[in-house]
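Working notes, structure below.
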Amino acid sequence: SDDILDIIMRLVDADSCIISPPTFGMYKFLGTISRIPIIEVPRRPNFEVDVPAVVAAVRANKCRLVMLPSPNNPTGTLLPNADIEVLCKEDCLVVIDEAYADFAGCSADELLSKYPNLVVCRTFSKWAGLAGLRVGYGLGDPALIERMMAIKQPYNVNVAAEAMARAAIRHRDKILVTVRSLIAQRDRMVEYLGKYR
């Protein structure tokens, strides 16, 4: 979904973009190459997004773009949909990067019908194991998605990547068996490590 994030940065052409470190390094990289200043609003000590601080930064800087992952990479913390709704009430585009959503069991996609300023980005890299093929997609208001499609590079997804993405969709239930196994092992490890606090 890195290409989706890049398309959004180019489309919005914002004076700034808000992120909450520690977080996925691609947001800062894309801001740098797009010449969009990145405003960093630090996370709380428990690594949750400081939503009131993000709102304050949006207002103080008249920022038109906020990019946040849920779950966050690298901390794994979730951004609850109630917090996403608070952000969507501001005058900015809110981009929720859900690269690991299939491992979290929740998504902001249920908010899309309420907020035309919300974009949810997804990738086939994690749940389908297709990281090397760089396939992702964005969900959002149809008018916004149409504008994104108008500025994307032609042929930005190669034939092999498209074929594998289609196969992953067809066989999603079989692939999700592996995802569920990984989740079970993660939970088992958390329980085991909890004995050593």
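Naming scheme: A, B, ... for chains in displayed order of the structure tokens; residues 1 onward per chain; ligands 1 onward as shown.
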
Requested in this report: Please provide as a list in words all residues within 10 Å of Val119 of chain A, with the sequence filter that same-chain residues fewer than 4 positions apart are discarded (counting only C-alpha atoms).
Outcome: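 Result of the neighbour search: Ile4, Leu5, Ile8, Met67, Leu93, Val94, Val95, Ile96, Asp97, Ala108, Asp109, Leu111, Leu112, Tyr115, Gly138, Leu139, Gly140, Asp141, Leu144 and Ile145 of chain A.
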
Write the residues you've just listed into a file as a PDB file, in the first residue's frame, and include N, CA, C and O atoms for each of them.
ATOM      1  N   ILE A   4      -0.230   3.569  -2.616  1.00  0.00           N
ATOM      2  CA  ILE A   4      -1.469   4.274  -2.252  1.00  0.00           C
ATOM      3  C   ILE A   4      -1.130   5.499  -1.396  1.00  0.00           C
ATOM      4  O   ILE A   4      -1.658   6.596  -1.616  1.00  0.00           O
ATOM      5  N   LEU A   5      -0.241   5.321  -0.424  1.00  0.00           N
ATOM      6  CA  LEU A   5       0.164   6.431   0.443  1.00  0.00           C
ATOM      7  C   LEU A   5       0.820   7.539  -0.371  1.00  0.00           C
ATOM      8  O   LEU A   5       0.557   8.726  -0.158  1.00  0.00           O
ATOM      9  N   ILE A   8      -1.815   9.441  -2.339  1.00  0.00           N
ATOM     10  CA  ILE A   8      -2.558  10.354  -1.452  1.00  0.00           C
ATOM     11  C   ILE A   8      -1.739  11.607  -1.183  1.00  0.00           C
ATOM     12  O   ILE A   8      -2.257  12.731  -1.262  1.00  0.00           O
ATOM     13  N   MET A  67      -1.839  10.799   8.767  1.00  0.00           N
ATOM     14  CA  MET A  67      -1.584   9.399   8.414  1.00  0.00           C
ATOM     15  C   MET A  67      -1.236   8.613   9.663  1.00  0.00           C
ATOM     16  O   MET A  67      -0.243   8.910  10.329  1.00  0.00           O
ATOM     17  N   LEU A  93      -7.950  15.169   5.639  1.00  0.00           N
ATOM     18  CA  LEU A  93      -8.065  13.802   5.163  1.00  0.00           C
ATOM     19  C   LEU A  93      -7.377  12.904   6.183  1.00  0.00           C
ATOM     20  O   LEU A  93      -6.221  13.140   6.551  1.00  0.00           O
ATOM     21  N   VAL A  94      -8.083  11.886   6.652  1.00  0.00           N
ATOM     22  CA  VAL A  94      -7.549  10.948   7.643  1.00  0.00           C
ATOM     23  C   VAL A  94      -7.281   9.629   6.923  1.00  0.00           C
ATOM     24  O   VAL A  94      -8.192   9.018   6.364  1.00  0.00           O
ATOM     25  N   VAL A  95      -6.008   9.228   6.922  1.00  0.00           N
ATOM     26  CA  VAL A  95      -5.594   7.997   6.258  1.00  0.00           C
ATOM     27  C   VAL A  95      -5.217   6.985   7.329  1.00  0.00           C
ATOM     28  O   VAL A  95      -4.322   7.222   8.134  1.00  0.00           O
ATOM     29  N   ILE A  96      -5.937   5.868   7.345  1.00  0.00           N
ATOM     30  CA  ILE A  96      -5.658   4.794   8.299  1.00  0.00           C
ATOM     31  C   ILE A  96      -5.029   3.640   7.528  1.00  0.00           C
ATOM     32  O   ILE A  96      -5.643   3.049   6.641  1.00  0.00           O
ATOM     33  N   ASP A  97      -3.795   3.351   7.859  1.00  0.00           N
ATOM     34  CA  ASP A  97      -3.020   2.310   7.201  1.00  0.00           C
ATOM     35  C   ASP A  97      -3.244   1.006   7.964  1.00  0.00           C
ATOM     36  O   ASP A  97      -2.760   0.837   9.079  1.00  0.00           O
ATOM     37  N   ALA A 108     -11.328   0.142  10.352  1.00  0.00           N
ATOM     38  CA  ALA A 108     -12.037   1.422  10.233  1.00  0.00           C
ATOM     39  C   ALA A 108     -12.945   1.436   9.015  1.00  0.00           C
ATOM     40  O   ALA A 108     -13.662   2.421   8.794  1.00  0.00           O
ATOM     41  N   ASP A 109     -12.965   0.365   8.239  1.00  0.00           N
ATOM     42  CA  ASP A 109     -13.775   0.372   7.019  1.00  0.00           C
ATOM     43  C   ASP A 109     -15.265   0.586   7.289  1.00  0.00           C
ATOM     44  O   ASP A 109     -15.978   1.122   6.453  1.00  0.00           O
ATOM     45  N   LEU A 111     -16.480   2.798   9.014  1.00  0.00           N
ATOM     46  CA  LEU A 111     -16.718   4.238   9.140  1.00  0.00           C
ATOM     47  C   LEU A 111     -16.762   4.939   7.788  1.00  0.00           C
ATOM     48  O   LEU A 111     -17.106   6.129   7.719  1.00  0.00           O
ATOM     49  N   LEU A 112     -16.403   4.249   6.732  1.00  0.00           N
ATOM     50  CA  LEU A 112     -16.269   4.889   5.424  1.00  0.00           C
ATOM     51  C   LEU A 112     -17.558   5.539   4.930  1.00  0.00           C
ATOM     52  O   LEU A 112     -17.517   6.609   4.314  1.00  0.00           O
ATOM     53  N   TYR A 115     -17.862   9.059   6.685  1.00  0.00           N
ATOM     54  CA  TYR A 115     -16.830  10.088   6.581  1.00  0.00           C
ATOM     55  C   TYR A 115     -16.159  10.064   5.204  1.00  0.00           C
ATOM     56  O   TYR A 115     -15.294   9.218   4.946  1.00  0.00           O
ATOM     57  N   GLY A 138      -6.793   0.912  -1.691  1.00  0.00           N
ATOM     58  CA  GLY A 138      -7.367   1.909  -0.803  1.00  0.00           C
ATOM     59  C   GLY A 138      -8.879   1.878  -0.873  1.00  0.00           C
ATOM     60  O   GLY A 138      -9.455   1.632  -1.938  1.00  0.00           O
ATOM     61  N   LEU A 139      -9.495   2.119   0.261  1.00  0.00           N
ATOM     62  CA  LEU A 139     -10.954   2.219   0.351  1.00  0.00           C
ATOM     63  C   LEU A 139     -11.287   3.641   0.769  1.00  0.00           C
ATOM     64  O   LEU A 139     -10.651   4.189   1.668  1.00  0.00           O
ATOM     65  N   GLY A 140     -12.287   4.227   0.130  1.00  0.00           N
ATOM     66  CA  GLY A 140     -12.655   5.588   0.486  1.00  0.00           C
ATOM     67  C   GLY A 140     -13.825   6.081  -0.319  1.00  0.00           C
ATOM     68  O   GLY A 140     -14.463   5.323  -1.069  1.00  0.00           O
ATOM     69  N   ASP A 141     -14.107   7.358  -0.179  1.00  0.00           N
ATOM     70  CA  ASP A 141     -15.191   7.992  -0.918  1.00  0.00           C
ATOM     71  C   ASP A 141     -14.952   7.805  -2.425  1.00  0.00           C
ATOM     72  O   ASP A 141     -13.841   8.053  -2.903  1.00  0.00           O
ATOM     73  N   LEU A 144     -13.132  10.574  -4.259  1.00  0.00           N
ATOM     74  CA  LEU A 144     -11.710  10.663  -3.908  1.00  0.00           C
ATOM     75  C   LEU A 144     -10.913   9.554  -4.582  1.00  0.00           C
ATOM     76  O   LEU A 144      -9.830   9.786  -5.133  1.00  0.00           O
ATOM     77  N   ILE A 145     -11.450   8.334  -4.562  1.00  0.00           N
ATOM     78  CA  ILE A 145     -10.766   7.206  -5.191  1.00  0.00           C
ATOM     79  C   ILE A 145     -10.628   7.450  -6.695  1.00  0.00           C
ATOM     80  O   ILE A 145      -9.582   7.149  -7.293  1.00  0.00           O
TER      81      ILE A 145
END

Can I get the residues of segment 41-95 of chain A within 10 Å of segment 10-33 of chain A, each with the closest pair of atoms and their distance in Å to one decimal, using only C-alpha atoms, sorted chain first then ascending number, as a Markdown table?
| residue | atom | partner | partner_atom | distance |
| --- | --- | --- | --- | --- |
| A:Val41 | CA | A:Ser20 | CA | 4.8 |
| A:Pro42 | CA | A:Ser20 | CA | 5.1 |
| A:Arg43 | CA | A:Ser20 | CA | 5.8 |
| A:Arg44 | CA | A:Ser20 | CA | 9.5 |
| A:Phe47 | CA | A:Pro22 | CA | 7.9 |
| A:Glu48 | CA | A:Ser20 | CA | 9.1 |
| A:Val49 | CA | A:Ser20 | CA | 6.6 |
| A:Asp50 | CA | A:Ser20 | CA | 8.2 |
| A:Val51 | CA | A:Ser20 | CA | 9.7 |
| A:Ala53 | CA | A:Ser20 | CA | 9.9 |
| A:Val54 | CA | A:Ile18 | CA | 7.5 |
| A:Val55 | CA | A:Ile18 | CA | 9.8 |
| A:Ala57 | CA | A:Ile18 | CA | 7.7 |
| A:Val58 | CA | A:Ile18 | CA | 7.5 |
| A:Asn61 | CA | A:Ser16 | CA | 7.9 |
| A:Lys62 | CA | A:Asp15 | CA | 8.4 |
| A:Cys63 | CA | A:Ser16 | CA | 5.7 |
| A:Arg64 | CA | A:Ala14 | CA | 5.9 |
| A:Leu65 | CA | A:Cys17 | CA | 4.9 |
| A:Val66 | CA | A:Ile18 | CA | 4.7 |
| A:Met67 | CA | A:Ile19 | CA | 5.5 |
| A:Leu68 | CA | A:Ile19 | CA | 6.1 |
| A:Pro69 | CA | A:Phe24 | CA | 7.6 |
| A:Asn72 | CA | A:Thr23 | CA | 6.3 |
| A:Asn73 | CA | A:Phe24 | CA | 5.3 |
| A:Pro74 | CA | A:Thr23 | CA | 6.1 |
| A:Thr75 | CA | A:Thr23 | CA | 7.7 |
| A:Gly76 | CA | A:Thr23 | CA | 9.7 |
| A:Cys92 | CA | A:Ala14 | CA | 9.6 |
| A:Leu93 | CA | A:Val12 | CA | 8.2 |
| A:Val94 | CA | A:Ile18 | CA | 9.6 |

Could you dump the residues just selected with N, CA and C atoms as a compact mmCIF listing (two decimals), in the first residue's frame?
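part_25.txt written:
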# COMPACT_ATOMS: atom_id res chain seq x y z
N VAL A 41 3.51 14.20 16.15
CA VAL A 41 2.80 14.29 17.43
C VAL A 41 3.11 12.99 18.17
N PRO A 42 3.98 13.05 19.18
CA PRO A 42 4.41 11.81 19.85
C PRO A 42 3.24 11.04 20.46
N ARG A 43 3.42 9.74 20.51
CA ARG A 43 2.44 8.86 21.15
C ARG A 43 2.57 8.98 22.67
N ARG A 44 1.56 8.52 23.34
CA ARG A 44 1.58 8.48 24.80
C ARG A 44 2.59 7.41 25.25
N PHE A 47 2.09 4.03 24.05
CA PHE A 47 2.14 3.97 22.59
C PHE A 47 0.80 4.19 21.90
N GLU A 48 -0.21 4.60 22.65
CA GLU A 48 -1.48 4.97 22.01
C GLU A 48 -1.34 6.36 21.39
N VAL A 49 -2.13 6.62 20.34
CA VAL A 49 -2.14 7.94 19.72
C VAL A 49 -2.74 8.93 20.71
N ASP A 50 -2.09 10.07 20.87
CA ASP A 50 -2.61 11.15 21.71
C ASP A 50 -3.58 11.95 20.84
N VAL A 51 -4.82 11.48 20.78
CA VAL A 51 -5.82 12.04 19.87
C VAL A 51 -6.06 13.54 20.12
N ALA A 53 -4.00 15.71 21.19
CA ALA A 53 -2.82 16.41 20.69
C ALA A 53 -2.80 16.45 19.16
N VAL A 54 -3.26 15.37 18.53
CA VAL A 54 -3.35 15.35 17.06
C VAL A 54 -4.37 16.37 16.60
N VAL A 55 -5.53 16.40 17.24
CA VAL A 55 -6.56 17.39 16.89
C VAL A 55 -6.01 18.80 17.05
N ALA A 57 -2.92 19.76 16.87
CA ALA A 57 -1.94 20.00 15.82
C ALA A 57 -2.62 20.26 14.47
N VAL A 58 -3.69 19.54 14.19
CA VAL A 58 -4.45 19.77 12.95
C VAL A 58 -4.95 21.21 12.93
N ASN A 61 -2.02 24.01 12.90
CA ASN A 61 -1.25 24.06 11.66
C ASN A 61 -2.12 24.09 10.41
N LYS A 62 -3.45 24.10 10.63
CA LYS A 62 -4.38 24.01 9.49
C LYS A 62 -3.97 22.84 8.58
N CYS A 63 -3.61 21.75 9.21
CA CYS A 63 -3.11 20.57 8.52
C CYS A 63 -4.26 19.85 7.81
N ARG A 64 -4.03 19.45 6.58
CA ARG A 64 -5.08 18.81 5.79
C ARG A 64 -4.87 17.30 5.61
N LEU A 65 -3.82 16.74 6.25
CA LEU A 65 -3.53 15.32 6.06
C LEU A 65 -2.99 14.71 7.34
N VAL A 66 -3.62 13.60 7.77
CA VAL A 66 -3.17 12.84 8.94
C VAL A 66 -3.01 11.39 8.49
N MET A 67 -1.84 10.80 8.77
CA MET A 67 -1.58 9.40 8.41
C MET A 67 -1.24 8.61 9.66
N LEU A 68 -2.06 7.61 9.95
CA LEU A 68 -1.85 6.79 11.15
C LEU A 68 -2.12 5.32 10.81
N PRO A 69 -1.27 4.42 11.29
CA PRO A 69 -1.54 3.00 11.09
C PRO A 69 -2.34 2.43 12.27
N ASN A 72 -0.50 -0.14 14.87
CA ASN A 72 0.71 0.62 14.58
C ASN A 72 1.89 -0.31 14.33
N ASN A 73 2.74 0.11 13.43
CA ASN A 73 4.00 -0.55 13.19
C ASN A 73 5.07 0.42 13.68
N PRO A 74 5.79 0.13 14.73
CA PRO A 74 6.19 -1.18 15.24
C PRO A 74 5.56 -1.59 16.57
N THR A 75 4.67 -0.81 17.15
CA THR A 75 4.23 -1.10 18.53
C THR A 75 3.04 -2.05 18.62
N GLY A 76 2.27 -2.17 17.56
CA GLY A 76 1.10 -3.04 17.57
C GLY A 76 -0.14 -2.44 18.21
N CYS A 92 -9.74 17.67 7.55
CA CYS A 92 -8.52 17.07 6.99
C CYS A 92 -8.85 15.69 6.46
N LEU A 93 -7.95 15.17 5.64
CA LEU A 93 -8.06 13.80 5.16
C LEU A 93 -7.38 12.90 6.18
N VAL A 94 -8.08 11.89 6.65
CA VAL A 94 -7.55 10.95 7.64
C VAL A 94 -7.28 9.63 6.92

Which polymer residues have any atom within 10 Å of an atom of Ala128 of chain A, counting only C-alpha atoms, with same-chain residues fewer than 6 positions away left out, as a CSV table (one decimal) with N, CA and C atoms, in the first residue's frame?
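After the write, out.csv holds the following:
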chain,number,residue,atom,x,y,z
A,102,ASP,N,-5.8,-7.6,9.5
A,102,ASP,CA,-6.2,-9.0,9.6
A,102,ASP,C,-5.7,-9.8,10.8
A,164,MET,N,-1.4,-12.9,-8.6
A,164,MET,CA,-1.3,-13.5,-7.2
A,164,MET,C,-2.3,-12.8,-6.2
A,165,ALA,N,-2.6,-11.5,-6.4
A,165,ALA,CA,-3.6,-10.9,-5.6
A,165,ALA,C,-4.9,-11.5,-5.8
A,167,ALA,N,-5.6,-14.5,-6.9
A,167,ALA,CA,-5.6,-15.8,-6.4
A,167,ALA,C,-5.7,-15.8,-4.8
A,168,ALA,N,-5.1,-14.8,-4.2
A,168,ALA,CA,-5.2,-14.7,-2.7
A,168,ALA,C,-6.6,-14.4,-2.4
A,169,ILE,N,-7.3,-13.5,-3.1
A,169,ILE,CA,-8.7,-13.2,-2.8
A,169,ILE,C,-9.6,-14.5,-3.0
A,171,HIS,N,-8.7,-17.5,-2.7
A,171,HIS,CA,-8.3,-18.5,-1.7
A,171,HIS,C,-8.2,-17.9,-0.3
A,172,ARG,N,-8.8,-16.8,0.0
A,172,ARG,CA,-8.7,-16.1,1.2
A,172,ARG,C,-9.0,-17.0,2.4
A,175,ILE,N,-6.0,-19.1,3.1
A,175,ILE,CA,-4.8,-18.3,3.6
A,175,ILE,C,-5.1,-17.9,5.1
A,176,LEU,N,-6.3,-17.5,5.4
A,176,LEU,CA,-6.6,-17.0,6.7
A,176,LEU,C,-6.4,-18.1,7.8
A,178,THR,N,-3.7,-19.7,8.1
A,178,THR,CA,-2.3,-19.4,8.5
A,178,THR,C,-2.4,-18.2,9.4
A,179,VAL,N,-3.1,-17.2,9.1
A,179,VAL,CA,-3.3,-16.0,9.9
A,179,VAL,C,-3.8,-16.3,11.3

Query raised in the report: What is the distance between atom CA of Val86 of chain A and atom CA of Pro52 of chain A, in Å to one decimal?
Result: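 So the answer is 8.9 Å.
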
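Note that the spacing between atom CA of Arg170 of chain A and atom CA of Phe124 of chain A amounts to 12.9 Å.
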
Report task. Using only C-alpha atoms, determine which residues lie at most 7 Å from Pro71 of chain A, disregarding the query and same-chain residues fewer than 6 positions distant; provide the list as a list in words. Result ->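 Using only C-alpha atoms, the neighbours found are Thr77, Leu78, Leu79, Glu98, Tyr100, Ala101 and Ala104 of chain A.
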
Would you mind exporting N, CA and C atoms of the selected residues as a PDB file, in the first residue's frame?
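Writing done, so here's result_11.pdb:
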ATOM      1  N   THR A  77      -0.059  -1.199  18.686  1.00  0.00           N
ATOM      2  CA  THR A  77      -1.220  -0.589  19.330  1.00  0.00           C
ATOM      3  C   THR A  77      -2.289  -0.229  18.299  1.00  0.00           C
ATOM      4  N   LEU A  78      -3.526  -0.407  18.721  1.00  0.00           N
ATOM      5  CA  LEU A  78      -4.674  -0.109  17.852  1.00  0.00           C
ATOM      6  C   LEU A  78      -5.128   1.331  18.035  1.00  0.00           C
ATOM      7  N   LEU A  79      -5.690   1.889  16.987  1.00  0.00           N
ATOM      8  CA  LEU A  79      -6.352   3.180  17.050  1.00  0.00           C
ATOM      9  C   LEU A  79      -7.851   2.877  17.002  1.00  0.00           C
ATOM     10  N   GLU A  98      -3.978   0.095   7.354  1.00  0.00           N
ATOM     11  CA  GLU A  98      -4.354  -1.155   8.020  1.00  0.00           C
ATOM     12  C   GLU A  98      -3.579  -2.358   7.494  1.00  0.00           C
ATOM     13  N   TYR A 100      -1.805  -4.417   9.002  1.00  0.00           N
ATOM     14  CA  TYR A 100      -1.889  -5.573   9.905  1.00  0.00           C
ATOM     15  C   TYR A 100      -3.304  -5.819  10.422  1.00  0.00           C
ATOM     16  N   ALA A 101      -4.303  -5.253   9.779  1.00  0.00           N
ATOM     17  CA  ALA A 101      -5.685  -5.347  10.278  1.00  0.00           C
ATOM     18  C   ALA A 101      -6.180  -6.784  10.413  1.00  0.00           C
ATOM     19  N   ALA A 104      -5.560  -8.088  13.699  1.00  0.00           N
ATOM     20  CA  ALA A 104      -6.138  -7.330  14.818  1.00  0.00           C
ATOM     21  C   ALA A 104      -7.621  -7.601  15.024  1.00  0.00           C
TER      22      ALA A 104
END

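Selecting helix (DSSP H, G or I) from the backbone DSSP output for segment 39-133 of chain A yields Val51, Pro52, Ala53, Val54, Val55, Ala56, Ala57, Val58, Arg59, Ala60, Asn61, Asn81, Ala82, Asp83, Ile84, Glu85, Val86, Leu87, Cys88, Ala101, Asp102, Phe103, Ala108, Asp109, Glu110, Leu111, Ala131, Gly132 and Leu133 of chain A.
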
Report task. Mind the document's chain letters and residue numbers, and return as an MDAnalysis selection string the residues of chain A that DSSP labels strand (DSSP E or B). Result -> chainID A and resid 17:19 38:40 65:69 93:97 118:123 136:140

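Contact shell of Asn156 of chain A at 10 Å (only C-alpha atoms; same-chain neighbours under 4 positions omitted): Asp3, Arg134, Val135, Lys152 and Ala161 of chain A.
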
Query raised in the report: Which residue gives the smallest distance to Pro80 of chain A among A:Pro154, A:Gly105, A:Gly194, A:Pro37, with only C-alpha atoms counted?
Result: A:Gly105

Requested in this report: For atom CA of Asp83 of chain A and atom CA of Asn46 of chain A, quote the distance in Å rounded to one decimal.
Outcome: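 So the two atoms, atom CA of Asp83 of chain A and atom CA of Asn46 of chain A, lie 15.7 Å apart.
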